[in-house]
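Participant: The structure under discussion is supplied below as structure tokens; questions concerning it will follow.
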Amino acid sequence: MAPPTIIAPSILSADFADLGAECSKTIKQGADWLHVDIMDGHFVPNLTFGPPVVVKIRSHVDRPAEAYGKGTFDCHMMIAEPKKWVKEFKKAGCDLYCFHYEAASSSAAESPEAKSDEKTSPKELIRYIHDNGMLAGIAIKPATPVDVLWEILENPDEKERPDMVLVMTVEPGFGGQKFMASELPKVEALRKRYPNLNIEVDGGLGLGTIDQAADAGANVIVAGSAVFGAKDPAEVIKLLREAVDKRTLSDEDAKARFKKGLFEKSVLDKYTSEYASSTPYKHSVISGLVDDTLLRKVRNEIKSNVSFTPKETDIYKIHQSGDLANLDGLDDDALAKLPSLLALRDALYSQTFRDYVSHITGCGPLSGRKTDMAINVYTPGCYLLCHDDVIGSRKVSYILYLTDPDTPWQPEWGGALRLFPVVDREGKDGEVAKTPLPDVVKVIPPAWNQLSFFAVQPGESFHDVEEVYHAASKEELEKNGGRIRMAISGWFHIPQIGEDGWVEGAEEKAAQKSGLMQLQGNPDQHDQPQAQPVAVEKPSESSQGSDDSGLDEEDLDFLLKYLAPTYLTPDTLERVAEHFEEEFSITLPDILHPKFAAKVREYVEAQEAKKLPDSTEQIEKGPWKVARPPHKHRYLYLQPGAETEKDSPIKELIEVLLPSRQFRLWLQMATRSTIESHDLIARRFRRGLDYTLATGHEGKPRLELNIGITPTDGWGDDNDEDEDDEDAESDASSDEEDKAANGKANGKGKGKGKAEANPKGKGKGKAVEKQPKPDKEVEEEEPLEVGGHEVYMAGDDDNEDAAVYKSSAEEDNILFFQAAAWNKMTLVLRDSGTLKFVKYVSSAAKGDRWDISGTFEIEEQDDEPEGDAVGVLDDSEEEFQGFSDSVDSDSD
């Protein structure tokens, strides 16, 4: 049985002017022991109490009725010759005499006046303390390795074994120091070897650090300023105790925090049966999980006291609290305002409820020490895209909803947990790979006090959180209670060291197995679309390196059917090439000839007017296919050669213009590169459905082209142009083309598209913590952010975990940014380490995002630019200023 929790406030932080009364009051406020720090000015530089002070405060606090009982004076002897003072402190009222291992081989003299050339030892000193009727403790400083204690703790003679070990989590000698989490592995090692030992931690302990100490296995908690400096010391003592007790929360106390009847055998059997037969993979939904009164208190505490940070990456857009498991980032005063939330957390990770979840899922023992949870708030426009939750030691994933209990959540508001089916596909080598299909088959809308959970399964437990949809009006939103989808999301982990069920190396094996499961059968070979590069003949030597060679009159006539005349003049191409060579990226507005652009617009608008089928199966009966798997991307696509596609301007772009010799020559002149192959695709990103997640690519730098053919507005691109208009000089003599034709990055026309980062081609987009804008005009409605922008960003070598994202208040990792746009071409030279994604298109967008995307392999240059072309431009650098349209063709 684990030793009991003991809270021992350090009186070093008490009011010395009224020390006796302070000590008495602290015991009445719930403290078990008083920790008395004795310093001699030799072993540590500070001086504190002597026996006379202990005598005085002892008269204010009743002696304990039994060993380890309430009122125990835990005297921490930071002195150079501890044996000399044993009898003195026994007389003064000390109950537990804790000496330092580092001072144990000192004088064997038995009084302060005596001298002796003999030296004592830790074992002899422990026996001497016991012989004098006190409990014996042994302490180690941060620099002392814990293994020096093994021989002492395993002594067969009980009289020479300590009753407690103190692990210092600060350097001894002064109060108020910062907690040293680096010392906790010592606690873990002690708890693993000695499950019933009293293990004390001292230094920097408070509500913000107690969980780490308790997780490691400490049961005796010394807290100074956290208790004596608190507005409500009794509440802090209670919370410290609960943080440790949650590891051993009684069965009765745990059950009282859940709804009545939950733990009855018939109810447990019902959920277990439902879980076993659920599809597309095993999951469970429990309605009314927690005691309703407790959960309402939790929700009120969160609304009143918890702040949230808006975070956005390629895979999610949410508002997230700090970590509720280890309480990182929350100070003691904040945590004292959350007693119900902490009670809920302790109940969820109690042995009673962990056993309940384990029984339903059949997943084996779960950790009570490694807790992992946060509060996520989804407001309209927020979502979480498809993933399988496989990270490290996670074993069970759960969501507990805290939506408005008095305004029931409606399914049409979105925000549902949605599960994806997985199919086995046999590859060319005969191996079978698991791949998720693009359409969800199970939708679980949020509901107050509802728990959804499932065992994390590599390559199988794919799910997302549906976008919370915008209301039609402010009035409707208010009527719906703001459509605030609040939930506690978290995971249960495999047992940790010292817990029942812990197996050495199990966490590493689980991580290795999950990686193998995700790679088994080479699932990438089943991705759609597959690349279809078409090699091209190299231009002749005479045409290489010449900016104006290769395009004759017939070539120009061909290109004039598709491209705006402005972009076919030698001066224009020269300026484009110079800008691209300098910046590695460029944006060319109004790239298509007006007549051809009109045909494209007419076609796209006609397609948008038609209702698309709901299912992938029905869509793929036509020429357009659905990109998959959804944990990488999802959108509609059309590749060259689609037999069922009727002639259309989009087909003309990907089958006639872009693969043509004439366009290739034009592109080589515009980028001063030699093209080796092309791979073209038309894409349609459906609002409320589609996206691509951040990926790199293997191999040498390549040229990437995108032609935006999105006819609707409201994507942010028009806002950028408005900003450009506002910033323009008052005489503004340049035409509209001059204003718009700037290489865009960070949405502000600055940036470079070439990067050499994360050469493995792996990683995820970092989270951007959005800063609230000042209220210029409260009345003014901000335009909705609807996504759909294409982003190039620097990879992150430090982040190999597919679902963990860093937060950053700055966007300096964004290299190039382009919102969905009409008739606009972007060209980017992209290195393998540069990540790229298209942001999820919100259901609030006015239409779908349409584009033509092309990848062109190019011949590597001998004269590569020096340095890594990474980051945004300095304000001093000259931006591309656009083109003049003074030279127009008669065909315009």
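Each chain in the structure tokens gets a letter, A, B and so on, in the order shown; residues start at 1 in every chain, and ligands are counted from 1 in the order they appear.
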Could you pull the residues within 8 Å of His633 of chain A, counting only C-alpha atoms, minus those fewer than 5 positions along the same chain, as a ChimeraX atom specification?

Facilitator: /A:627-628,690-693

Participant: Using only C-alpha atoms, determine which residues lie at most 10 Å from Gly71 of chain A, disregarding the query and same-chain residues fewer than 4 positions distant; provide the list as a VMD selection string.

Facilitator: chain A and resid 8 23 to 24 26 to 28 31 to 34 58 61 to 66 95

Participant: Filtering to C-alpha atoms, could you give me those residues as a compact mmCIF listing (two decimals), in the first residue's frame?

Facilitator:
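Once everything was written out, this is again.txt:
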```txt
# COMPACT_ATOMS: atom_id res chain seq x y z
CA ALA A 8 4.56 19.82 5.76
CA CYS A 23 2.50 27.34 13.46
CA SER A 24 -0.61 26.56 15.47
CA THR A 26 -1.22 26.22 10.02
CA ILE A 27 -1.87 22.88 11.71
CA LYS A 28 -5.51 23.89 12.22
CA ALA A 31 -1.20 20.79 7.64
CA ASP A 32 0.04 17.38 8.86
CA TRP A 33 3.58 18.27 9.88
CA LEU A 34 5.65 21.40 10.29
CA ARG A 58 6.45 23.32 20.36
CA VAL A 61 1.52 22.78 18.72
CA ASP A 62 0.39 19.51 20.33
CA ARG A 63 2.79 16.59 20.10
CA PRO A 64 1.74 13.84 17.68
CA ALA A 65 -0.20 11.00 19.28
CA GLU A 66 1.63 8.45 17.13
CA ASP A 95 9.93 14.25 16.20
```

Participant: Check segment 248-421 of chain A with DSSP on the backbone and list each residue it calls helix (DSSP H, G or I), as an MDAnalysis selection string.

Facilitator: chainID A and resid 248 251:256 265:277 292:305 332:335 339:348 351:361 411:413

Participant: What gap, in Å, lies between atom CA of Ser842 of chain A and atom CA of Ile619 of chain A?

Facilitator: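 According to the coordinates, atom CA of Ser842 of chain A and atom CA of Ile619 of chain A are separated by 20.3 Å.
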
Participant: Would you kindly return, as a list in words, each protein, DNA or RNA residue with an atom no farther than 8 Å from any atom of Asn305 of chain A, considering only C-alpha atoms and excluding same-chain residues fewer than 2 positions away?

Facilitator: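 The contact residues come out as Glu301, Ile302, Lys303, Ser307, Ala334, Lys337 and Leu338 of chain A.
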
Participant: So that I have them on file, write out the residues from the current selection with all heavy atoms, as a PDB file, in the first residue's frame.

Facilitator:
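Resulting contents of part.pdb:
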```pdb
ATOM      1  N   GLU A 301     -16.150  27.729 -13.321  1.00  0.00           N
ATOM      2  CA  GLU A 301     -14.764  28.083 -12.976  1.00  0.00           C
ATOM      3  C   GLU A 301     -13.951  28.380 -14.233  1.00  0.00           C
ATOM      4  O   GLU A 301     -13.159  29.326 -14.254  1.00  0.00           O
ATOM      5  CB  GLU A 301     -14.115  26.931 -12.201  1.00  0.00           C
ATOM      6  CG  GLU A 301     -14.624  26.782 -10.776  1.00  0.00           C
ATOM      7  CD  GLU A 301     -14.061  25.560 -10.074  1.00  0.00           C
ATOM      8  OE1 GLU A 301     -13.223  24.846 -10.670  1.00  0.00           O
ATOM      9  OE2 GLU A 301     -14.452  25.315  -8.928  1.00  0.00           O
ATOM     10  N   ILE A 302     -14.150  27.573 -15.254  1.00  0.00           N
ATOM     11  CA  ILE A 302     -13.410  27.781 -16.503  1.00  0.00           C
ATOM     12  C   ILE A 302     -13.779  29.122 -17.115  1.00  0.00           C
ATOM     13  O   ILE A 302     -12.913  29.909 -17.519  1.00  0.00           O
ATOM     14  CB  ILE A 302     -13.694  26.630 -17.488  1.00  0.00           C
ATOM     15  CG1 ILE A 302     -13.084  25.330 -16.977  1.00  0.00           C
ATOM     16  CG2 ILE A 302     -13.141  26.958 -18.872  1.00  0.00           C
ATOM     17  CD1 ILE A 302     -13.531  24.105 -17.745  1.00  0.00           C
ATOM     18  N   LYS A 303     -15.092  29.418 -17.179  1.00  0.00           N
ATOM     19  CA  LYS A 303     -15.543  30.673 -17.779  1.00  0.00           C
ATOM     20  C   LYS A 303     -15.002  31.882 -17.021  1.00  0.00           C
ATOM     21  O   LYS A 303     -14.661  32.899 -17.620  1.00  0.00           O
ATOM     22  CB  LYS A 303     -17.071  30.717 -17.809  1.00  0.00           C
ATOM     23  CG  LYS A 303     -17.701  29.773 -18.827  1.00  0.00           C
ATOM     24  CD  LYS A 303     -19.207  29.739 -18.715  1.00  0.00           C
ATOM     25  CE  LYS A 303     -19.840  31.080 -19.066  1.00  0.00           C
ATOM     26  NZ  LYS A 303     -21.317  31.037 -18.959  1.00  0.00           N
ATOM     27  N   SER A 307      -7.989  31.407 -19.110  1.00  0.00           N
ATOM     28  CA  SER A 307      -7.809  32.157 -20.361  1.00  0.00           C
ATOM     29  C   SER A 307      -7.420  31.181 -21.461  1.00  0.00           C
ATOM     30  O   SER A 307      -6.845  30.121 -21.201  1.00  0.00           O
ATOM     31  CB  SER A 307      -6.734  33.230 -20.200  1.00  0.00           C
ATOM     32  OG  SER A 307      -5.508  32.638 -19.842  1.00  0.00           O
ATOM     33  N   ALA A 334      -4.181  31.305  -9.444  1.00  0.00           N
ATOM     34  CA  ALA A 334      -5.140  30.878 -10.474  1.00  0.00           C
ATOM     35  C   ALA A 334      -5.683  29.492 -10.154  1.00  0.00           C
ATOM     36  O   ALA A 334      -6.888  29.243 -10.261  1.00  0.00           O
ATOM     37  CB  ALA A 334      -4.481  30.893 -11.847  1.00  0.00           C
ATOM     38  N   LYS A 337      -8.441  28.981  -7.635  1.00  0.00           N
ATOM     39  CA  LYS A 337      -9.791  29.333  -8.083  1.00  0.00           C
ATOM     40  C   LYS A 337     -10.460  28.205  -8.856  1.00  0.00           C
ATOM     41  O   LYS A 337     -11.573  28.370  -9.352  1.00  0.00           O
ATOM     42  CB  LYS A 337      -9.727  30.578  -8.981  1.00  0.00           C
ATOM     43  CG  LYS A 337      -9.193  31.814  -8.273  1.00  0.00           C
ATOM     44  CD  LYS A 337      -9.011  32.963  -9.262  1.00  0.00           C
ATOM     45  CE  LYS A 337      -8.404  34.181  -8.583  1.00  0.00           C
ATOM     46  NZ  LYS A 337      -8.126  35.280  -9.547  1.00  0.00           N
ATOM     47  N   LEU A 338      -9.777  27.064  -8.970  1.00  0.00           N
ATOM     48  CA  LEU A 338     -10.291  25.981  -9.804  1.00  0.00           C
ATOM     49  C   LEU A 338     -10.458  24.670  -9.026  1.00  0.00           C
ATOM     50  O   LEU A 338     -10.080  23.602  -9.508  1.00  0.00           O
ATOM     51  CB  LEU A 338      -9.345  25.753 -10.997  1.00  0.00           C
ATOM     52  CG  LEU A 338      -9.065  26.954 -11.897  1.00  0.00           C
ATOM     53  CD1 LEU A 338      -7.941  26.635 -12.885  1.00  0.00           C
ATOM     54  CD2 LEU A 338     -10.323  27.370 -12.635  1.00  0.00           C
TER      55      LEU A 338
END
```

Participant: Do you know which residues are at most 9 Å from segment 489-494 of chain A counting only C-alpha atoms, after dropping those on the same chain fewer than 4 positions away, and could you put them as a list in words?

Facilitator: Tyr349, Arg354, Gly364, Pro365, Leu366, Ser367, Gly368, Arg369, Lys370, Thr371, Asp372, Met373, Ala374, Ile375, Asn376, Gly392, Ser393, Arg394, Lys395, Val396, Ser397, Tyr398, Ile399, Leu400, Tyr401, Gly501, Trp502, Ala506 and Glu507 of chain A

Participant: Rank nothing, just name the residue among A:Asp851, A:Pro380, A:Arg683, A:Arg418 nearest to Leu477 of chain A, using only C-alpha atoms.

Facilitator: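 When distances to Leu477 of chain A are compared using only C-alpha atoms, the smallest one comes from A:Pro380.
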
Participant: Excluding Leu197 of chain A and residues on its chain fewer than 4 positions from it, collect all residues at most 12 Å away from it, counting only C-alpha atoms, and give them as a PDB file with C-alpha atoms, in the first residue's frame.

Facilitator:
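New file result.pdb:
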```pdb
ATOM      1  CA  MET A   1       0.000   0.000   0.000  1.00  0.00           C
ATOM      2  CA  ALA A   2       1.333   3.462  -0.912  1.00  0.00           C
ATOM      3  CA  PRO A   3       2.311   5.696   2.036  1.00  0.00           C
ATOM      4  CA  PRO A   4      -0.167   8.456   2.972  1.00  0.00           C
ATOM      5  CA  THR A   5       0.034  12.014   1.732  1.00  0.00           C
ATOM      6  CA  GLY A 137      15.418  10.951   7.797  1.00  0.00           C
ATOM      7  CA  LEU A 153      17.947   1.706   2.447  1.00  0.00           C
ATOM      8  CA  GLU A 154      18.550  -2.008   1.949  1.00  0.00           C
ATOM      9  CA  ARG A 161      17.335   2.159   7.902  1.00  0.00           C
ATOM     10  CA  PRO A 162      15.865   5.665   7.529  1.00  0.00           C
ATOM     11  CA  ASP A 163      12.134   6.307   7.942  1.00  0.00           C
ATOM     12  CA  MET A 164      12.161   8.941   5.224  1.00  0.00           C
ATOM     13  CA  VAL A 165      14.319  10.188   2.373  1.00  0.00           C
ATOM     14  CA  LEU A 166      14.342  13.886   1.504  1.00  0.00           C
ATOM     15  CA  VAL A 187      12.226  10.478  -6.669  1.00  0.00           C
ATOM     16  CA  GLU A 188      11.062   8.154  -9.450  1.00  0.00           C
ATOM     17  CA  ALA A 189      13.982   5.809  -8.860  1.00  0.00           C
ATOM     18  CA  LEU A 190      13.300   5.732  -5.121  1.00  0.00           C
ATOM     19  CA  ARG A 191       9.587   5.062  -5.582  1.00  0.00           C
ATOM     20  CA  LYS A 192      10.263   2.271  -8.063  1.00  0.00           C
ATOM     21  CA  ARG A 193      12.599   0.457  -5.665  1.00  0.00           C
ATOM     22  CA  GLY A 217       6.171   9.491  -6.476  1.00  0.00           C
ATOM     23  CA  ALA A 218       6.687  11.970  -3.622  1.00  0.00           C
ATOM     24  CA  ASN A 219       4.210  11.706  -0.740  1.00  0.00           C
ATOM     25  CA  VAL A 220       5.688  14.183   1.787  1.00  0.00           C
TER      26      VAL A 220
END
```

Participant: For Pro142 of chain A, please output as a ChimeraX atom specification all residues within 7 Å (counting only C-alpha atoms; exclusion window: fewer than 3 positions along the same chain).

Facilitator: /A:168-171,183

Participant: Just the selected residues (N, CA, C and O atoms), exported as a PDB file, in the first residue's frame, please.

Facilitator:
```
ATOM      1  N   MET A 168      16.180  17.063  -2.186  1.00  0.00           N
ATOM      2  CA  MET A 168      16.130  18.519  -2.320  1.00  0.00           C
ATOM      3  C   MET A 168      15.878  18.898  -3.787  1.00  0.00           C
ATOM      4  O   MET A 168      16.574  18.433  -4.691  1.00  0.00           O
ATOM      5  N   THR A 169      14.884  19.761  -3.995  1.00  0.00           N
ATOM      6  CA  THR A 169      14.593  20.249  -5.348  1.00  0.00           C
ATOM      7  C   THR A 169      14.992  21.712  -5.496  1.00  0.00           C
ATOM      8  O   THR A 169      14.566  22.397  -6.439  1.00  0.00           O
ATOM      9  N   VAL A 170      15.827  22.178  -4.556  1.00  0.00           N
ATOM     10  CA  VAL A 170      16.571  23.442  -4.669  1.00  0.00           C
ATOM     11  C   VAL A 170      17.892  23.206  -3.944  1.00  0.00           C
ATOM     12  O   VAL A 170      18.054  22.204  -3.239  1.00  0.00           O
ATOM     13  N   GLU A 171      18.797  24.136  -4.089  1.00  0.00           N
ATOM     14  CA  GLU A 171      20.017  24.072  -3.290  1.00  0.00           C
ATOM     15  C   GLU A 171      19.671  24.461  -1.861  1.00  0.00           C
ATOM     16  O   GLU A 171      19.017  25.488  -1.641  1.00  0.00           O
ATOM     17  N   GLU A 183      15.558  17.118 -10.550  1.00  0.00           N
ATOM     18  CA  GLU A 183      15.811  16.198  -9.431  1.00  0.00           C
ATOM     19  C   GLU A 183      14.746  15.111  -9.306  1.00  0.00           C
ATOM     20  O   GLU A 183      14.902  14.178  -8.508  1.00  0.00           O
TER      21      GLU A 183
END
```
